[in-house]
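Below is target-v3.cif, which holds mmCIF, C-alpha atoms.
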```cif
data_coords
loop_
_atom_site.label_atom_id
_atom_site.label_comp_id
_atom_site.auth_asym_id
_atom_site.auth_seq_id
_atom_site.Cartn_x
_atom_site.Cartn_y
_atom_site.Cartn_z
CA MET A 1 86.60 -69.01 27.79
CA LEU A 2 83.48 -66.89 27.54
CA SER A 3 82.98 -64.95 24.32
CA GLU A 4 82.58 -61.22 24.55
CA LYS A 5 78.85 -61.35 23.90
CA VAL A 6 76.39 -63.63 25.68
CA ARG A 7 75.16 -66.35 23.29
CA ILE A 8 71.37 -66.15 23.14
CA ALA A 9 68.72 -68.64 21.98
CA VAL A 10 65.21 -67.37 21.27
CA LEU A 11 62.43 -69.96 21.68
CA CYS A 12 59.28 -69.09 19.76
CA SER A 13 56.14 -70.90 18.60
CA GLY A 14 54.61 -68.44 16.14
CA GLY A 15 55.11 -65.27 14.16
CA GLY A 16 58.18 -64.05 15.97
CA THR A 17 57.31 -60.38 16.47
CA ASN A 18 59.12 -60.33 19.82
CA PHE A 19 62.11 -62.03 18.20
CA GLN A 20 62.03 -59.29 15.55
CA ALA A 21 62.00 -56.63 18.30
CA ILE A 22 65.13 -58.20 19.83
CA LEU A 23 66.77 -58.35 16.42
CA ASN A 24 65.92 -54.72 15.66
CA ALA A 25 67.35 -53.64 19.01
CA GLN A 26 70.46 -55.74 18.39
CA ASP A 27 70.95 -54.15 14.94
CA ALA A 28 70.52 -50.71 16.50
CA GLY A 29 73.33 -51.44 18.98
CA MET A 30 70.98 -51.59 21.98
CA ILE A 31 72.11 -55.09 23.06
CA PRO A 32 75.90 -54.69 23.17
CA HIS A 33 76.41 -57.54 25.64
CA GLY A 34 74.35 -60.23 23.86
CA GLU A 35 73.80 -61.77 20.46
CA VAL A 36 71.06 -64.08 19.16
CA LYS A 37 72.77 -67.22 17.82
CA ILE A 38 69.84 -69.56 17.26
CA VAL A 39 66.04 -69.65 17.08
CA VAL A 40 64.26 -72.80 18.26
CA THR A 41 60.59 -73.45 17.50
CA ASP A 42 58.12 -76.23 18.29
CA HIS A 43 56.12 -75.59 15.09
CA ALA A 44 57.60 -76.55 11.71
CA ASP A 45 55.52 -73.89 9.93
CA ALA A 46 56.18 -71.02 12.38
CA TYR A 47 56.77 -67.71 10.61
CA VAL A 48 59.66 -66.97 12.98
CA LEU A 49 61.73 -69.40 10.87
CA LYS A 50 61.41 -67.06 7.87
CA ARG A 51 62.39 -64.06 9.98
CA ALA A 52 65.47 -65.89 11.26
CA GLU A 53 66.40 -67.05 7.77
CA ARG A 54 66.21 -63.49 6.45
CA ALA A 55 68.48 -62.35 9.27
CA GLY A 56 70.96 -65.18 8.66
CA ILE A 57 70.36 -66.72 12.07
CA LYS A 58 70.53 -70.47 12.62
CA THR A 59 67.25 -72.29 13.32
CA ALA A 60 66.14 -75.59 14.81
CA VAL A 61 62.71 -77.24 14.82
CA VAL A 62 61.49 -79.60 17.54
CA ASP A 63 57.99 -80.10 16.17
CA ARG A 64 55.31 -80.86 18.74
CA LYS A 65 53.27 -82.76 16.10
CA GLU A 66 56.21 -85.07 15.42
CA ILE A 67 57.44 -85.35 19.00
CA THR A 68 54.28 -85.44 21.07
CA ASP A 69 56.02 -86.35 24.33
CA ARG A 70 56.94 -83.15 26.16
CA THR A 71 59.85 -84.74 28.02
CA GLU A 72 61.38 -85.87 24.75
CA ARG A 73 60.92 -82.41 23.21
CA GLU A 74 62.55 -80.88 26.25
CA LYS A 75 65.51 -83.24 25.94
CA ARG A 76 65.96 -82.38 22.25
CA ILE A 77 65.79 -78.65 22.94
CA LEU A 78 68.39 -78.97 25.71
CA GLU A 79 70.70 -80.85 23.34
CA ILE A 80 70.36 -78.08 20.75
CA LEU A 81 71.10 -75.38 23.32
CA GLU A 82 74.14 -77.25 24.61
CA MET A 83 75.47 -77.90 21.08
CA ASN A 84 75.26 -74.18 20.38
CA ALA A 85 76.88 -73.15 23.70
CA VAL A 86 73.82 -71.06 24.59
CA GLU A 87 74.13 -68.98 27.75
CA LEU A 88 70.79 -67.14 27.83
CA VAL A 89 67.40 -68.53 26.78
CA VAL A 90 64.64 -66.10 25.81
CA PHE A 91 61.03 -67.31 25.59
CA ALA A 92 59.30 -65.04 23.06
CA GLY A 93 55.83 -66.47 22.58
CA PHE A 94 56.90 -70.06 23.27
CA MET A 95 53.86 -72.22 23.95
CA THR A 96 55.50 -75.29 25.51
CA ILE A 97 55.82 -75.11 29.28
CA LEU A 98 59.15 -76.75 30.05
CA GLY A 99 59.73 -78.81 33.16
CA GLU A 100 61.83 -78.37 36.27
CA GLY A 101 64.75 -80.32 34.80
CA PHE A 102 65.05 -77.83 31.95
CA VAL A 103 64.84 -74.80 34.24
CA LYS A 104 67.51 -76.21 36.56
CA LYS A 105 69.97 -76.46 33.66
CA TYR A 106 69.74 -72.69 33.14
CA PRO A 107 69.25 -71.09 36.56
CA ASP A 108 68.63 -67.33 36.23
CA ARG A 109 69.35 -67.69 32.51
CA ILE A 110 65.85 -68.15 31.11
CA ILE A 111 63.57 -65.16 30.67
CA ASN A 112 60.01 -64.88 29.37
CA VAL A 113 57.75 -62.08 28.18
CA HIS A 114 54.14 -62.26 29.40
CA PRO A 115 51.38 -60.03 27.95
CA ALA A 116 49.99 -58.76 31.28
CA LEU A 117 51.16 -57.15 34.51
CA ILE A 118 52.09 -60.14 36.67
CA PRO A 119 50.68 -61.16 39.20
CA SER A 120 47.46 -60.30 37.33
CA PHE A 121 46.23 -62.51 34.47
CA CYS A 122 48.99 -65.09 34.63
CA GLY A 123 49.55 -68.77 35.32
CA LYS A 124 47.95 -71.80 33.71
CA GLY A 125 45.72 -71.03 30.73
CA PHE A 126 46.79 -67.38 30.48
CA TYR A 127 48.62 -67.15 27.18
CA GLY A 128 48.19 -65.37 23.85
CA LEU A 129 44.78 -63.88 23.16
CA HIS A 130 43.28 -65.54 26.28
CA VAL A 131 45.11 -62.99 28.44
CA HIS A 132 43.58 -60.01 26.63
CA GLU A 133 40.13 -61.60 26.62
CA ALA A 134 40.37 -61.97 30.41
CA VAL A 135 41.59 -58.39 30.83
CA LEU A 136 38.59 -57.02 28.90
CA ALA A 137 36.15 -59.36 30.68
CA ARG A 138 37.39 -58.08 34.05
CA GLY A 139 37.02 -54.46 32.98
CA VAL A 140 40.43 -53.25 34.20
CA LYS A 141 41.64 -49.90 32.86
CA VAL A 142 45.35 -50.70 32.73
CA THR A 143 47.18 -53.77 31.46
CA GLY A 144 50.71 -54.19 30.11
CA ALA A 145 53.56 -56.67 29.82
CA THR A 146 56.10 -58.29 32.12
CA VAL A 147 59.51 -59.82 31.53
CA HIS A 148 60.43 -62.29 34.25
CA TYR A 149 62.87 -65.07 35.03
CA VAL A 150 61.48 -68.53 34.31
CA THR A 151 61.28 -70.92 37.26
CA GLU A 152 59.42 -74.20 37.75
CA VAL A 153 56.37 -72.14 38.79
CA CYS A 154 54.42 -70.97 35.71
CA ASP A 155 54.81 -67.17 35.45
CA GLY A 156 56.15 -67.22 39.00
CA GLY A 157 59.79 -66.15 38.59
CA PRO A 158 61.27 -62.82 39.72
CA ILE A 159 60.20 -59.82 37.64
CA ILE A 160 62.85 -58.07 35.54
CA ALA A 161 60.74 -55.37 33.88
CA GLN A 162 57.14 -54.22 33.50
CA LYS A 163 55.38 -51.60 31.43
CA ALA A 164 51.79 -50.46 31.71
CA VAL A 165 49.44 -49.97 28.75
CA GLU A 166 46.04 -48.26 28.76
CA VAL A 167 42.93 -50.28 28.03
CA LYS A 168 40.71 -48.15 25.78
CA GLU A 169 36.96 -47.96 25.20
CA GLY A 170 35.95 -50.26 22.34
CA ASP A 171 39.06 -52.46 22.55
CA THR A 172 38.78 -55.98 21.21
CA PRO A 173 41.23 -58.67 22.37
CA GLU A 174 43.04 -58.37 19.01
CA ILE A 175 43.36 -54.57 19.19
CA LEU A 176 44.55 -54.74 22.79
CA GLN A 177 47.04 -57.49 21.98
CA LYS A 178 48.62 -55.32 19.26
CA ARG A 179 48.84 -52.28 21.56
CA VAL A 180 50.43 -54.31 24.37
CA MET A 181 52.98 -55.71 21.92
CA ARG A 182 53.82 -52.36 20.38
CA GLU A 183 53.86 -50.24 23.55
CA ALA A 184 55.20 -52.76 26.07
CA GLU A 185 56.50 -56.15 24.90
CA TRP A 186 58.65 -54.85 22.05
CA VAL A 187 60.10 -52.20 24.38
CA ILE A 188 60.88 -54.08 27.57
CA LEU A 189 61.94 -57.45 26.14
CA PRO A 190 65.04 -56.13 24.30
CA GLU A 191 65.86 -53.97 27.35
CA ALA A 192 65.62 -57.03 29.62
CA VAL A 193 67.78 -59.10 27.24
CA GLU A 194 70.53 -56.49 27.50
CA LYS A 195 70.12 -56.14 31.27
CA VAL A 196 70.45 -59.90 31.88
CA SER A 197 73.28 -60.28 29.31
CA LYS A 198 75.19 -57.52 31.07
CA LYS A 199 74.61 -59.19 34.43
CA LEU A 200 75.85 -62.55 33.07
CA ARG A 201 79.02 -60.82 31.96
CA GLY A 202 79.45 -59.27 35.41
CA VAL A 203 79.41 -55.75 34.00
#
```
Give the structure from this file in structure tokens form.
Amino acid sequence: MLSEKVRIAVLCSGGGTNFQAILNAQDAGMIPHGEVKIVVTDHADAYVLKRAERAGIKTAVVDRKEITDRTEREKRILEILEMNAVELVVFAGFMTILGEGFVKKYPDRIINVHPALIPSFCGKGFYGLHVHEAVLARGVKVTGATVHYVTEVCDGGPIIAQKAVEVKEGDTPEILQKRVMREAEWVILPEAVEKVSKKLRGV
């Protein structure tokens, strides 16, 4: 029998600011249909582990330095998700691209936040600061963030939400990255988590 709230796993490789945004929204009652049950990281020293610990949320590490084979890492992550009866997987700054086998296990139940307006500045090589460097190099005036379903095509799944952010004179990649996080990612990711959780519950 399905529990009242959708059981969520957040996969994160770094600081966990997007995870924190989900947590804050959850604490504020903005994600009534979902609940984060576990955080999985591929870096043993990722700061997200400290955030999760403070919040009393279970964690698991599948360290890419220890397990260098991607297929093996994928298998371990799947085992963790299955053991924890996870229903929705949220990529929040997760730097391992997982294969088709993984995606097929969770059809329409994996979502990702990308720091640009897909289909611009996405696909292979466009992650983290590289995205914002490319945005500034191109000279566009508007960027933003996208939450989309994860499919076997990198950044190619259906879009759930997007939010535009202004590119300002004098922006550096670091300044732009922070603005995109604050004005877009931290807003639309929690909203998308609730939207998909609600859909999974047929509400």
Residues matched by the PyMOL selection byres ((chain A and resi 182) around 12) as a list in words |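 Given this file, the PyMOL selection byres ((chain A and resi 182) around 12) evaluates to Thr17, Asn18, Gln20, Ala21, Pro115, Gly144, Ala145, Lys163, Ala164, Val165, Ile175, Leu176, Gln177, Lys178, Arg179, Val180, Met181, Glu183, Ala184, Glu185, Trp186, Val187, Ile188 and Leu189 of chain A.
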Please, what distance in Å, to one decimal, runs between CA of Val131 in chain A and CA of Glu100 in chain A?
->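 Computing the Euclidean distance for CA of Val131 in chain A and CA of Glu100 in chain A yields 24.0 Å.
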Spell out the residues picked by the PyMOL selection byres ((chain A and resi 58) around 7) here, as a count of residues only.
-> 7
Using all atoms listed in the file, which of the listed residues (A:Gly93, A:Pro119, A:Pro107, A:Gly34) sits closest to Gly15 in chain A?
->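 Smallest distance to Gly15 in chain A is found for A:Gly93.
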Quick one: everything within 10 Å of Arg76 in chain A, counting all atoms listed in the file, minus sequence neighbours fewer than 6 positions away in the same chain. Send it as a list in words.
->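 These residues fall inside the cut-off: Val61, Val62, Ile67, Arg70 and Glu82 of chain A.
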Residues in the PyMOL selection byres ((chain A and resi 36) around 12), expressed as an mmCIF file with C-alpha atoms, in the coordinates of the input:
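Dumped everything to part20.cif:
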```cif
data_model
loop_
_atom_site.group_PDB
_atom_site.id
_atom_site.type_symbol
_atom_site.label_atom_id
_atom_site.label_comp_id
_atom_site.auth_asym_id
_atom_site.auth_seq_id
_atom_site.Cartn_x
_atom_site.Cartn_y
_atom_site.Cartn_z
ATOM 1 C CA LYS A 5 78.850 -61.350 23.900
ATOM 2 C CA VAL A 6 76.390 -63.630 25.680
ATOM 3 C CA ARG A 7 75.160 -66.350 23.290
ATOM 4 C CA ILE A 8 71.370 -66.150 23.140
ATOM 5 C CA ALA A 9 68.720 -68.640 21.980
ATOM 6 C CA VAL A 10 65.210 -67.370 21.270
ATOM 7 C CA LEU A 11 62.430 -69.960 21.680
ATOM 8 C CA PHE A 19 62.110 -62.030 18.200
ATOM 9 C CA GLN A 20 62.030 -59.290 15.550
ATOM 10 C CA ALA A 21 62.000 -56.630 18.300
ATOM 11 C CA ILE A 22 65.130 -58.200 19.830
ATOM 12 C CA LEU A 23 66.770 -58.350 16.420
ATOM 13 C CA ASN A 24 65.920 -54.720 15.660
ATOM 14 C CA ALA A 25 67.350 -53.640 19.010
ATOM 15 C CA GLN A 26 70.460 -55.740 18.390
ATOM 16 C CA ASP A 27 70.950 -54.150 14.940
ATOM 17 C CA ILE A 31 72.110 -55.090 23.060
ATOM 18 C CA PRO A 32 75.900 -54.690 23.170
ATOM 19 C CA HIS A 33 76.410 -57.540 25.640
ATOM 20 C CA GLY A 34 74.350 -60.230 23.860
ATOM 21 C CA GLU A 35 73.800 -61.770 20.460
ATOM 22 C CA LYS A 37 72.770 -67.220 17.820
ATOM 23 C CA ILE A 38 69.840 -69.560 17.260
ATOM 24 C CA VAL A 39 66.040 -69.650 17.080
ATOM 25 C CA VAL A 40 64.260 -72.800 18.260
ATOM 26 C CA ALA A 52 65.470 -65.890 11.260
ATOM 27 C CA ALA A 55 68.480 -62.350 9.270
ATOM 28 C CA GLY A 56 70.960 -65.180 8.660
ATOM 29 C CA ILE A 57 70.360 -66.720 12.070
ATOM 30 C CA LYS A 58 70.530 -70.470 12.620
ATOM 31 C CA THR A 59 67.250 -72.290 13.320
ATOM 32 C CA ASN A 84 75.260 -74.180 20.380
ATOM 33 C CA ALA A 85 76.880 -73.150 23.700
ATOM 34 C CA VAL A 86 73.820 -71.060 24.590
ATOM 35 C CA GLU A 87 74.130 -68.980 27.750
ATOM 36 C CA LEU A 88 70.790 -67.140 27.830
ATOM 37 C CA VAL A 89 67.400 -68.530 26.780
ATOM 38 C CA VAL A 90 64.640 -66.100 25.810
ATOM 39 C CA PRO A 190 65.040 -56.130 24.300
ATOM 40 C CA VAL A 193 67.780 -59.100 27.240
ATOM 41 C CA GLU A 194 70.530 -56.490 27.500
ATOM 42 C CA SER A 197 73.280 -60.280 29.310
#
```
Pick from A:Asp42, A:Ala92, A:Ile111, A:Lys50, whichever lies nearest to Asp69 in chain A using only C-alpha atoms |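 Comparing A:Asp42, A:Ala92, A:Ile111, A:Lys50 against Asp69 in chain A, the winner is A:Asp42.
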Work out how far CA of Thr146 in chain A is from CA of Ser120 in chain A, in Å to one decimal.
->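 Distance reported for this atom pair: 10.3 Å.
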